[in-house]
Amino acid sequence: MARVREAFITGIGQSQIGIGLPRDPLLLTVDAVREALADAGLTKEQIDGVATYPGRVTQVPGFSPVGAEDLIDALHLNTRWHLGGGELTSQLGAVAAAADAVRTGQARHVLCFRTVYEAGAMKFPGQKPYVPRGDARVEGPSQWFAPFGALSAVCWVAQYAMRHVVKYGLTREQLAWISLTGRANALKNPRALWHGKPLTLEEYLAGKMIASPLCIFDCDRYSDASTVLIVSAEDALDEVSSIPVRIAASAGCTYRHSWDQVEWMASYPTGRELWKRTDYRPEDVDTVQLYDGFSFLALTWLEALGFCEVGEGGRFIEGGRRIALDGELPLNTFGGQLGAGRLHGFGFAHEAVVQLRGQGGERQIPGDPRVAVATSGGGPLATALLLARD
Amino acid sequence: MGDASAKRPLPHLDDHNRAFWTGGAEGRLYILRCRSCGAFIHPPRPVCGECLSDAVEPEAVAGTGVVDTFTVNHQPWHPALPPPYVIARVALDGVPGVYLTTNIVGCGVDEVAIGDRVRVTFLPCEDVHLPVFEKVRD
Ligand SMILES: [Zn+2]
């Protein structure tokens with residue numbers, strides 16, 4: 001009878017983060033792999049699984065230039081299990097799947113990665129973000145948005161944010177604190193894209209409007225980077241030299257995978273589902289690393305995870321004290337994607353591990369943090385991980 | 001910023017979406033409906049998501065509705081769509097559970113609010129008639 005094991009994050013690594021980096025995206029990935037292996041005290045020969053989201057994508061330049069099989073082949077990895085696909089409950093769905101693989105004995109150490117090169121890809125002629133031009137007709141889900149000029153996810157997220165403005169009285173002065181907190185924390189993260197570039201409330205309020213009520217500072221920026229997380233089985237921990245962090249629970253939900261047919265975003269059912277799978281409660285959480293590709297998504301995660309009531313997110317973050325590094329619920333302590341760059345989901349789990357190990361340096365939260373939540377997505381797709389050093 | 005010669009991105013027509021995208025030629029907004037249980041189906045697919053029947057066919061709907069939510073888009077994404085313009089999600093009267101992403105036209109971008117009553121009007125582009133909405137003045 002096979003035994004179900006616990007799953008742990010045992011190694012973390014990250015490349016430099018930049019815009020238009022000259023380094024090949026495979027080499028950025030390898031930079032993060034080297035750091036994660038050294039962090040865990042493992043060699044590449046011990047890696048027997050690989051997981052990534054969304055796998056190699058060629059249609060959108062730089063969105064995902066390195067697939068699971070690219071990395072397996074390039075590094076001569078001998079794997080027993082791998083996954084690289086976009087039909088998951090968002091980016092961290094790959095980490096949740098890796099956890100299941102080690103729990104069921106299909107692998108002992110799974111290397112999970114997310115590599116983004118959207119800024120770098122724009123250096124090349126014709127490599128612009130995908131916008132239909134000329135005579136090309138639009139197929140698939142985009143046909144319901146593109147003819148009306150809803151050509152970016154911001155056009156969809158903004159509409160949910162607008163509903164919060166009208167229904168619950170969310171103000172720009174409140175929403176600003178997602179971005180301001182991320183940018184303040186980025187000042188203490190040397191790797192962050194916006195390190196050394198503070199942002200004030202006045203600058204935020206004067207920011208160029210993109211899709212009301214979201215301005216330029218509510219949107220992350222295309223970046224080049226790779227983030228790696230190694231997920232290991234409980235019975236393989238004796239091979240590891242780092243402080244392991246347990247994946248105590250995970251959840252991933254969707255209502256309908258159609259951006260404009262849902263009443264609420266997927267973050268809401270996902271947050272509720274997470275707490276059904278653990279004895280931990282929201283009040284046990286020491287820090288939250290919440291997806292902020294758009295600021296409003298992080299606000300919905302605070303509501304979805306039960307840190308405040310639905311509709312109360314604006315008042316919860318107002319003034320920024322509560323979610324500051326030394327507040328009662330420190331948020332996006334590495335800067336989030338608004339401060340550190342568009343790492344696309346994996347940065348949140350990476351930082352949760354940093355904080356739970358007490359390795360945050362200048363940005364380390366006080367006390368003895370034991371429990372963290374990391375999320376990705378929030379629109380039609382959402383994933384939440386509950387991570388614990390217990 | 002806008003380019004008068006540019007045209008909007010247009011949908012590729014197929015057997016499932018053709019009624020929706022071309023009904024405007026006869027002034028009608030068609031939504032697929034299940035003949036078995038009466039549920040509406042959107043985006044169009046050849047099966048009812050409620051009862052799994054494949055007896056689905058387009059039905060002309062009233063074409064009126066309410067602005068469920070919206071945004072004023074200020075970013076130039078496409079030469080045929082100079083900003084600012086309103087992107088809205090409209091809940092259609094008599095078509096429960098279906099929303100359309102669309103534009104609100106015929107008024108200033110600062111004149112749109114959640115809850116506004118709107119009516120469909122069609123924007124002809126080649127063989128496609130894009131359903132956009134204008135406010136109902138009373
Ligand atoms: Zn039916």
# chains A, B, ... in the order shown; residues from 1 in each chain; ligands from 1

$ residues_near_ligand --ligand "ligand 1" --cutoff "7 Å" --atoms "only C-alpha atoms and all ligand atoms" --output "NGL selection string"
:B and (34-39 or 48-53)

$ write_last_selection --atoms "all heavy atoms" --output "short mmCIF file (atom, residue, chain, number, x, y, z; two decimals), in the first residue's frame"
data_model
loop_
_atom_site.label_atom_id
_atom_site.label_comp_id
_atom_site.auth_asym_id
_atom_site.auth_seq_id
_atom_site.Cartn_x
_atom_site.Cartn_y
_atom_site.Cartn_z
N CYS B 34 -31.02 26.68 -25.95
CA CYS B 34 -31.26 25.23 -25.92
C CYS B 34 -32.75 24.97 -26.11
O CYS B 34 -33.59 25.49 -25.37
CB CYS B 34 -30.78 24.68 -24.58
SG CYS B 34 -31.19 22.94 -24.37
N ARG B 35 -33.09 24.15 -27.09
CA ARG B 35 -34.51 23.83 -27.33
C ARG B 35 -35.04 22.86 -26.29
O ARG B 35 -36.24 22.71 -26.12
CB ARG B 35 -34.68 23.22 -28.73
CG ARG B 35 -34.50 24.26 -29.83
CD ARG B 35 -34.48 23.61 -31.19
NE ARG B 35 -35.75 22.94 -31.50
CZ ARG B 35 -35.94 22.20 -32.59
NH1 ARG B 35 -34.95 22.04 -33.45
NH2 ARG B 35 -37.11 21.61 -32.80
N SER B 36 -34.16 22.20 -25.62
CA SER B 36 -34.57 21.18 -24.65
C SER B 36 -34.92 21.82 -23.30
O SER B 36 -35.99 21.54 -22.75
CB SER B 36 -33.45 20.16 -24.49
OG SER B 36 -33.80 19.19 -23.56
N CYS B 37 -34.06 22.68 -22.77
CA CYS B 37 -34.30 23.23 -21.43
C CYS B 37 -34.48 24.73 -21.42
O CYS B 37 -34.79 25.32 -20.39
CB CYS B 37 -33.19 22.81 -20.46
SG CYS B 37 -31.68 23.78 -20.60
N GLY B 38 -34.24 25.39 -22.54
CA GLY B 38 -34.47 26.84 -22.60
C GLY B 38 -33.30 27.70 -22.15
O GLY B 38 -33.39 28.92 -22.21
N ALA B 39 -32.20 27.08 -21.71
CA ALA B 39 -31.06 27.88 -21.27
C ALA B 39 -30.40 28.57 -22.45
O ALA B 39 -30.41 28.04 -23.58
CB ALA B 39 -30.05 26.98 -20.55
N CYS B 48 -25.58 22.50 -24.91
CA CYS B 48 -26.09 23.25 -23.78
C CYS B 48 -25.33 22.84 -22.52
O CYS B 48 -25.30 21.65 -22.18
CB CYS B 48 -27.58 22.97 -23.58
SG CYS B 48 -28.23 23.64 -22.05
N GLY B 49 -24.75 23.81 -21.84
CA GLY B 49 -23.96 23.51 -20.63
C GLY B 49 -24.83 23.14 -19.44
O GLY B 49 -24.32 22.65 -18.43
N GLU B 50 -26.13 23.36 -19.54
CA GLU B 50 -27.03 23.02 -18.43
C GLU B 50 -27.52 21.58 -18.53
O GLU B 50 -27.48 20.84 -17.57
CB GLU B 50 -28.21 23.99 -18.41
CG GLU B 50 -27.83 25.42 -18.08
CD GLU B 50 -27.22 25.56 -16.69
OE1 GLU B 50 -27.74 24.94 -15.73
OE2 GLU B 50 -26.21 26.28 -16.55
N CYS B 51 -28.03 21.18 -19.70
CA CYS B 51 -28.66 19.85 -19.81
C CYS B 51 -27.93 18.93 -20.78
O CYS B 51 -28.33 17.79 -20.97
CB CYS B 51 -30.12 19.98 -20.20
SG CYS B 51 -30.37 20.40 -21.94
N LEU B 52 -26.84 19.43 -21.40
CA LEU B 52 -26.01 18.65 -22.33
C LEU B 52 -26.73 18.29 -23.64
O LEU B 52 -26.22 17.49 -24.41
CB LEU B 52 -25.44 17.39 -21.67
CG LEU B 52 -24.69 17.58 -20.35
CD1 LEU B 52 -23.95 16.29 -19.99
CD2 LEU B 52 -23.73 18.75 -20.41
N SER B 53 -27.87 18.89 -23.88
CA SER B 53 -28.53 18.68 -25.17
C SER B 53 -27.73 19.36 -26.28
O SER B 53 -27.10 20.40 -26.05
CB SER B 53 -29.94 19.27 -25.13
OG SER B 53 -30.45 19.37 -26.44
#

$ closest_atom_pairs --of "segment 241-308 of chain A" --to "segment 322-330 of chain A" --cutoff "10 Å" --atoms "only C-alpha atoms" --output "JSON lines"
{"residue": "A:Glu283", "atom": "CA", "partner": "A:Leu329", "partner_atom": "CA", "distance": 9.4}
{"residue": "A:Val285", "atom": "CA", "partner": "A:Leu329", "partner_atom": "CA", "distance": 7.7}
{"residue": "A:Asp286", "atom": "CA", "partner": "A:Leu329", "partner_atom": "CA", "distance": 6.2}
{"residue": "A:Thr287", "atom": "CA", "partner": "A:Pro330", "partner_atom": "CA", "distance": 5.0}
{"residue": "A:Val288", "atom": "CA", "partner": "A:Pro330", "partner_atom": "CA", "distance": 6.3}
{"residue": "A:Gln289", "atom": "CA", "partner": "A:Pro330", "partner_atom": "CA", "distance": 8.4}
{"residue": "A:Phe307", "atom": "CA", "partner": "A:Leu329", "partner_atom": "CA", "distance": 9.0}

$ select_by_dssp --residues "segment 35-135 of chain B" --states "strand (DSSP E or B)" --output "count of residues only"
50

$ residues_around --residues "Gly335 of chain A" --least-positions-apart "6" --cutoff "7 Å" --atoms "only C-alpha atoms" --output "list in words"
Gly182, Arg183, Asn185, Ala186 and Ala192 of chain A

$ closest_residue --among "A:Ala107, A:Ala99, A:Val262, A:Leu180" --to "chain B" --atoms "only C-alpha atoms"
A:Val262

$ residues_around --residues "Val66 of chain B" --least-positions-apart "5" --cutoff "9 Å" --atoms "only C-alpha atoms" --output "PyMOL selection string"
chain B and resi 89-93+114-119

$ write_last_selection --atoms "N, CA, C and O atoms" --output "PDB file, in the first residue's frame"
ATOM      1  N   ARG B  89     -19.547  45.621 -19.826  1.00  0.00           N
ATOM      2  CA  ARG B  89     -20.148  44.300 -19.766  1.00  0.00           C
ATOM      3  C   ARG B  89     -21.644  44.530 -19.592  1.00  0.00           C
ATOM      4  O   ARG B  89     -22.085  45.119 -18.596  1.00  0.00           O
ATOM      5  N   VAL B  90     -22.411  44.083 -20.574  1.00  0.00           N
ATOM      6  CA  VAL B  90     -23.856  44.329 -20.575  1.00  0.00           C
ATOM      7  C   VAL B  90     -24.598  43.038 -20.241  1.00  0.00           C
ATOM      8  O   VAL B  90     -24.331  41.989 -20.834  1.00  0.00           O
ATOM      9  N   ALA B  91     -25.506  43.141 -19.275  1.00  0.00           N
ATOM     10  CA  ALA B  91     -26.417  42.029 -18.957  1.00  0.00           C
ATOM     11  C   ALA B  91     -27.665  42.216 -19.804  1.00  0.00           C
ATOM     12  O   ALA B  91     -28.308  43.265 -19.753  1.00  0.00           O
ATOM     13  N   LEU B  92     -27.994  41.201 -20.601  1.00  0.00           N
ATOM     14  CA  LEU B  92     -29.095  41.329 -21.561  1.00  0.00           C
ATOM     15  C   LEU B  92     -30.439  41.015 -20.906  1.00  0.00           C
ATOM     16  O   LEU B  92     -30.575  40.024 -20.183  1.00  0.00           O
ATOM     17  N   ASP B  93     -31.435  41.831 -21.223  1.00  0.00           N
ATOM     18  CA  ASP B  93     -32.798  41.568 -20.742  1.00  0.00           C
ATOM     19  C   ASP B  93     -33.296  40.237 -21.300  1.00  0.00           C
ATOM     20  O   ASP B  93     -33.160  39.963 -22.499  1.00  0.00           O
ATOM     21  N   ILE B 114     -22.701  52.292 -14.112  1.00  0.00           N
ATOM     22  CA  ILE B 114     -23.262  50.965 -13.840  1.00  0.00           C
ATOM     23  C   ILE B 114     -24.768  51.113 -13.616  1.00  0.00           C
ATOM     24  O   ILE B 114     -25.202  52.026 -12.917  1.00  0.00           O
ATOM     25  N   GLY B 115     -25.550  50.245 -14.226  1.00  0.00           N
ATOM     26  CA  GLY B 115     -27.005  50.316 -14.084  1.00  0.00           C
ATOM     27  C   GLY B 115     -27.695  51.044 -15.212  1.00  0.00           C
ATOM     28  O   GLY B 115     -28.925  51.005 -15.311  1.00  0.00           O
ATOM     29  N   ASP B 116     -26.924  51.690 -16.084  1.00  0.00           N
ATOM     30  CA  ASP B 116     -27.540  52.382 -17.217  1.00  0.00           C
ATOM     31  C   ASP B 116     -28.308  51.398 -18.101  1.00  0.00           C
ATOM     32  O   ASP B 116     -27.831  50.306 -18.395  1.00  0.00           O
ATOM     33  N   ARG B 117     -29.496  51.826 -18.555  1.00  0.00           N
ATOM     34  CA  ARG B 117     -30.245  51.041 -19.545  1.00  0.00           C
ATOM     35  C   ARG B 117     -29.626  51.286 -20.926  1.00  0.00           C
ATOM     36  O   ARG B 117     -29.363  52.435 -21.296  1.00  0.00           O
ATOM     37  N   VAL B 118     -29.420  50.213 -21.667  1.00  0.00           N
ATOM     38  CA  VAL B 118     -28.798  50.349 -22.983  1.00  0.00           C
ATOM     39  C   VAL B 118     -29.540  49.497 -24.010  1.00  0.00           C
ATOM     40  O   VAL B 118     -30.271  48.572 -23.660  1.00  0.00           O
ATOM     41  N   ARG B 119     -29.328  49.838 -25.278  1.00  0.00           N
ATOM     42  CA  ARG B 119     -29.966  49.124 -26.390  1.00  0.00           C
ATOM     43  C   ARG B 119     -28.914  48.849 -27.456  1.00  0.00           C
ATOM     44  O   ARG B 119     -28.051  49.675 -27.730  1.00  0.00           O
TER      45      ARG B 119
END

$ atom_distance --atom1 "atom CA of Ala384 of chain A" --atom2 "atom CA of Ala251 of chain A"
5.3 Å

$ interface_residues --of "chain B" --to "chain A" --cutoff "8 Å" --atoms "only C-alpha atoms" --output "ChimeraX atom specification"
/B:6-12,43,69-75,77-78,81,87-89,97-103,114,130

$ write_last_selection --atoms "N, CA, C and O atoms" --output "short mmCIF file (atom, residue, chain, number, x, y, z; two decimals), in the first residue's frame"
data_model
loop_
_atom_site.label_atom_id
_atom_site.label_comp_id
_atom_site.auth_asym_id
_atom_site.auth_seq_id
_atom_site.Cartn_x
_atom_site.Cartn_y
_atom_site.Cartn_z
N ALA B 6 -7.56 52.05 -40.68
CA ALA B 6 -7.42 50.80 -39.94
C ALA B 6 -8.80 50.26 -39.59
O ALA B 6 -9.75 51.02 -39.42
N LYS B 7 -8.90 48.96 -39.50
CA LYS B 7 -10.18 48.38 -39.11
C LYS B 7 -10.00 47.59 -37.83
O LYS B 7 -8.90 47.12 -37.51
N ARG B 8 -11.09 47.48 -37.14
CA ARG B 8 -11.05 46.75 -35.88
C ARG B 8 -10.66 45.29 -36.09
O ARG B 8 -10.95 44.73 -37.16
N PRO B 9 -10.07 44.66 -35.07
CA PRO B 9 -9.90 43.20 -35.15
C PRO B 9 -11.27 42.56 -35.27
O PRO B 9 -12.20 42.92 -34.54
N LEU B 10 -11.43 41.66 -36.22
CA LEU B 10 -12.73 41.04 -36.47
C LEU B 10 -12.68 39.54 -36.23
O LEU B 10 -11.64 38.92 -36.43
N PRO B 11 -13.81 38.97 -35.84
CA PRO B 11 -13.83 37.53 -35.55
C PRO B 11 -13.83 36.69 -36.82
O PRO B 11 -14.37 37.08 -37.85
N HIS B 12 -13.22 35.54 -36.69
CA HIS B 12 -13.31 34.51 -37.74
C HIS B 12 -14.67 33.83 -37.61
O HIS B 12 -15.01 33.34 -36.54
N PRO B 43 -20.34 32.05 -24.57
CA PRO B 43 -20.11 32.05 -26.00
C PRO B 43 -20.76 30.85 -26.70
O PRO B 43 -20.95 29.81 -26.07
N THR B 69 -21.04 46.40 -15.64
CA THR B 69 -19.86 47.15 -15.23
C THR B 69 -19.16 47.65 -16.48
O THR B 69 -19.54 47.30 -17.61
N PHE B 70 -18.16 48.50 -16.28
CA PHE B 70 -17.51 49.12 -17.45
C PHE B 70 -16.15 49.65 -17.04
O PHE B 70 -15.81 49.72 -15.86
N THR B 71 -15.38 50.05 -18.04
CA THR B 71 -14.15 50.82 -17.80
C THR B 71 -14.00 51.83 -18.93
O THR B 71 -14.46 51.57 -20.06
N VAL B 72 -13.41 52.96 -18.62
CA VAL B 72 -13.03 53.89 -19.67
C VAL B 72 -11.59 53.58 -20.04
O VAL B 72 -10.68 53.76 -19.23
N ASN B 73 -11.40 53.05 -21.24
CA ASN B 73 -10.06 52.68 -21.67
C ASN B 73 -9.32 53.90 -22.24
O ASN B 73 -9.83 54.56 -23.15
N HIS B 74 -8.14 54.17 -21.70
CA HIS B 74 -7.35 55.33 -22.14
C HIS B 74 -6.11 54.93 -22.91
O HIS B 74 -5.38 55.79 -23.40
N GLN B 75 -5.83 53.65 -22.97
CA GLN B 75 -4.57 53.20 -23.58
C GLN B 75 -4.80 52.88 -25.05
O GLN B 75 -5.74 52.18 -25.40
N TRP B 77 -4.48 50.66 -27.84
CA TRP B 77 -4.06 49.28 -28.08
C TRP B 77 -4.01 48.95 -29.57
O TRP B 77 -3.35 48.02 -29.98
N HIS B 78 -4.80 49.71 -30.35
CA HIS B 78 -4.99 49.32 -31.75
C HIS B 78 -5.29 50.58 -32.58
O HIS B 78 -6.05 51.43 -32.13
N LEU B 81 -8.83 51.91 -32.97
CA LEU B 81 -9.59 52.21 -31.76
C LEU B 81 -8.89 53.30 -30.95
O LEU B 81 -8.25 53.03 -29.94
N ILE B 87 -15.41 50.38 -22.59
CA ILE B 87 -15.61 48.93 -22.69
C ILE B 87 -16.57 48.58 -21.56
O ILE B 87 -16.34 48.96 -20.40
N ALA B 88 -17.63 47.87 -21.89
CA ALA B 88 -18.63 47.56 -20.87
C ALA B 88 -19.01 46.09 -20.94
O ALA B 88 -18.83 45.42 -21.96
N ARG B 89 -19.55 45.62 -19.83
CA ARG B 89 -20.15 44.30 -19.77
C ARG B 89 -21.64 44.53 -19.59
O ARG B 89 -22.08 45.12 -18.60
N GLY B 97 -27.90 34.99 -17.24
CA GLY B 97 -26.60 34.31 -17.20
C GLY B 97 -25.68 34.64 -18.36
O GLY B 97 -24.60 34.08 -18.45
N VAL B 98 -26.09 35.55 -19.23
CA VAL B 98 -25.24 35.91 -20.36
C VAL B 98 -24.85 37.38 -20.27
O VAL B 98 -25.69 38.24 -20.05
N TYR B 99 -23.57 37.63 -20.41
CA TYR B 99 -23.05 38.99 -20.48
C TYR B 99 -22.35 39.16 -21.82
O TYR B 99 -21.78 38.21 -22.35
N LEU B 100 -22.39 40.38 -22.34
CA LEU B 100 -21.62 40.68 -23.55
C LEU B 100 -20.58 41.74 -23.23
O LEU B 100 -20.91 42.78 -22.65
N THR B 101 -19.35 41.49 -23.61
CA THR B 101 -18.36 42.56 -23.61
C THR B 101 -18.56 43.36 -24.88
O THR B 101 -18.67 42.80 -25.98
N THR B 102 -18.62 44.68 -24.73
CA THR B 102 -19.02 45.52 -25.85
C THR B 102 -18.52 46.95 -25.63
O THR B 102 -17.75 47.19 -24.69
N ASN B 103 -18.92 47.85 -26.48
CA ASN B 103 -18.66 49.27 -26.29
C ASN B 103 -19.98 50.00 -26.08
O ASN B 103 -21.00 49.60 -26.62
N ILE B 114 -22.70 52.29 -14.11
CA ILE B 114 -23.26 50.96 -13.84
C ILE B 114 -24.77 51.11 -13.62
O ILE B 114 -25.20 52.03 -12.92
N LEU B 130 -20.86 44.24 -35.59
CA LEU B 130 -20.49 44.18 -34.18
C LEU B 130 -21.61 44.76 -33.32
O LEU B 130 -22.03 45.91 -33.54
#

$ closest_residue --among "A:Gly105, A:Gly367, A:Pro269, A:Gly207" --to "Pro380 of chain A" --atoms "only C-alpha atoms"
A:Pro269

$ atom_distance --atom1 "atom CA of Gly293 of chain A" --atom2 "atom CA of Ala153 of chain A"
9.7 Å

$ residues_around --residues "Pro131 of chain B" --least-positions-apart "5" --cutoff "8 Å" --atoms "only C-alpha atoms" --output "NGL selection string"
:B and (21 or 24 or 29 or 102 or 120-123)

$ decode --residues "segment 51-66 of chain A" --atoms "C-alpha atoms" --output "compact mmCIF listing (two decimals), in the first residue's frame"
# COMPACT_ATOMS: atom_id res chain seq x y z
CA ALA A 51 7.17 21.26 -13.70
CA THR A 52 6.50 24.58 -15.37
CA TYR A 53 3.64 26.79 -16.44
CA PRO A 54 2.56 27.26 -19.21
CA GLY A 55 5.13 25.17 -21.08
CA ARG A 56 6.86 26.46 -24.18
CA VAL A 57 4.74 29.11 -25.92
CA THR A 58 5.74 30.35 -29.35
CA GLN A 59 2.70 32.48 -30.29
CA VAL A 60 3.36 35.21 -27.72
CA PRO A 61 7.01 36.32 -27.88
CA GLY A 62 8.84 35.85 -24.59
CA PHE A 63 5.77 34.77 -22.64
CA SER A 64 7.26 31.35 -21.95
CA PRO A 65 10.40 30.75 -23.99
CA VAL A 66 11.61 27.70 -22.05
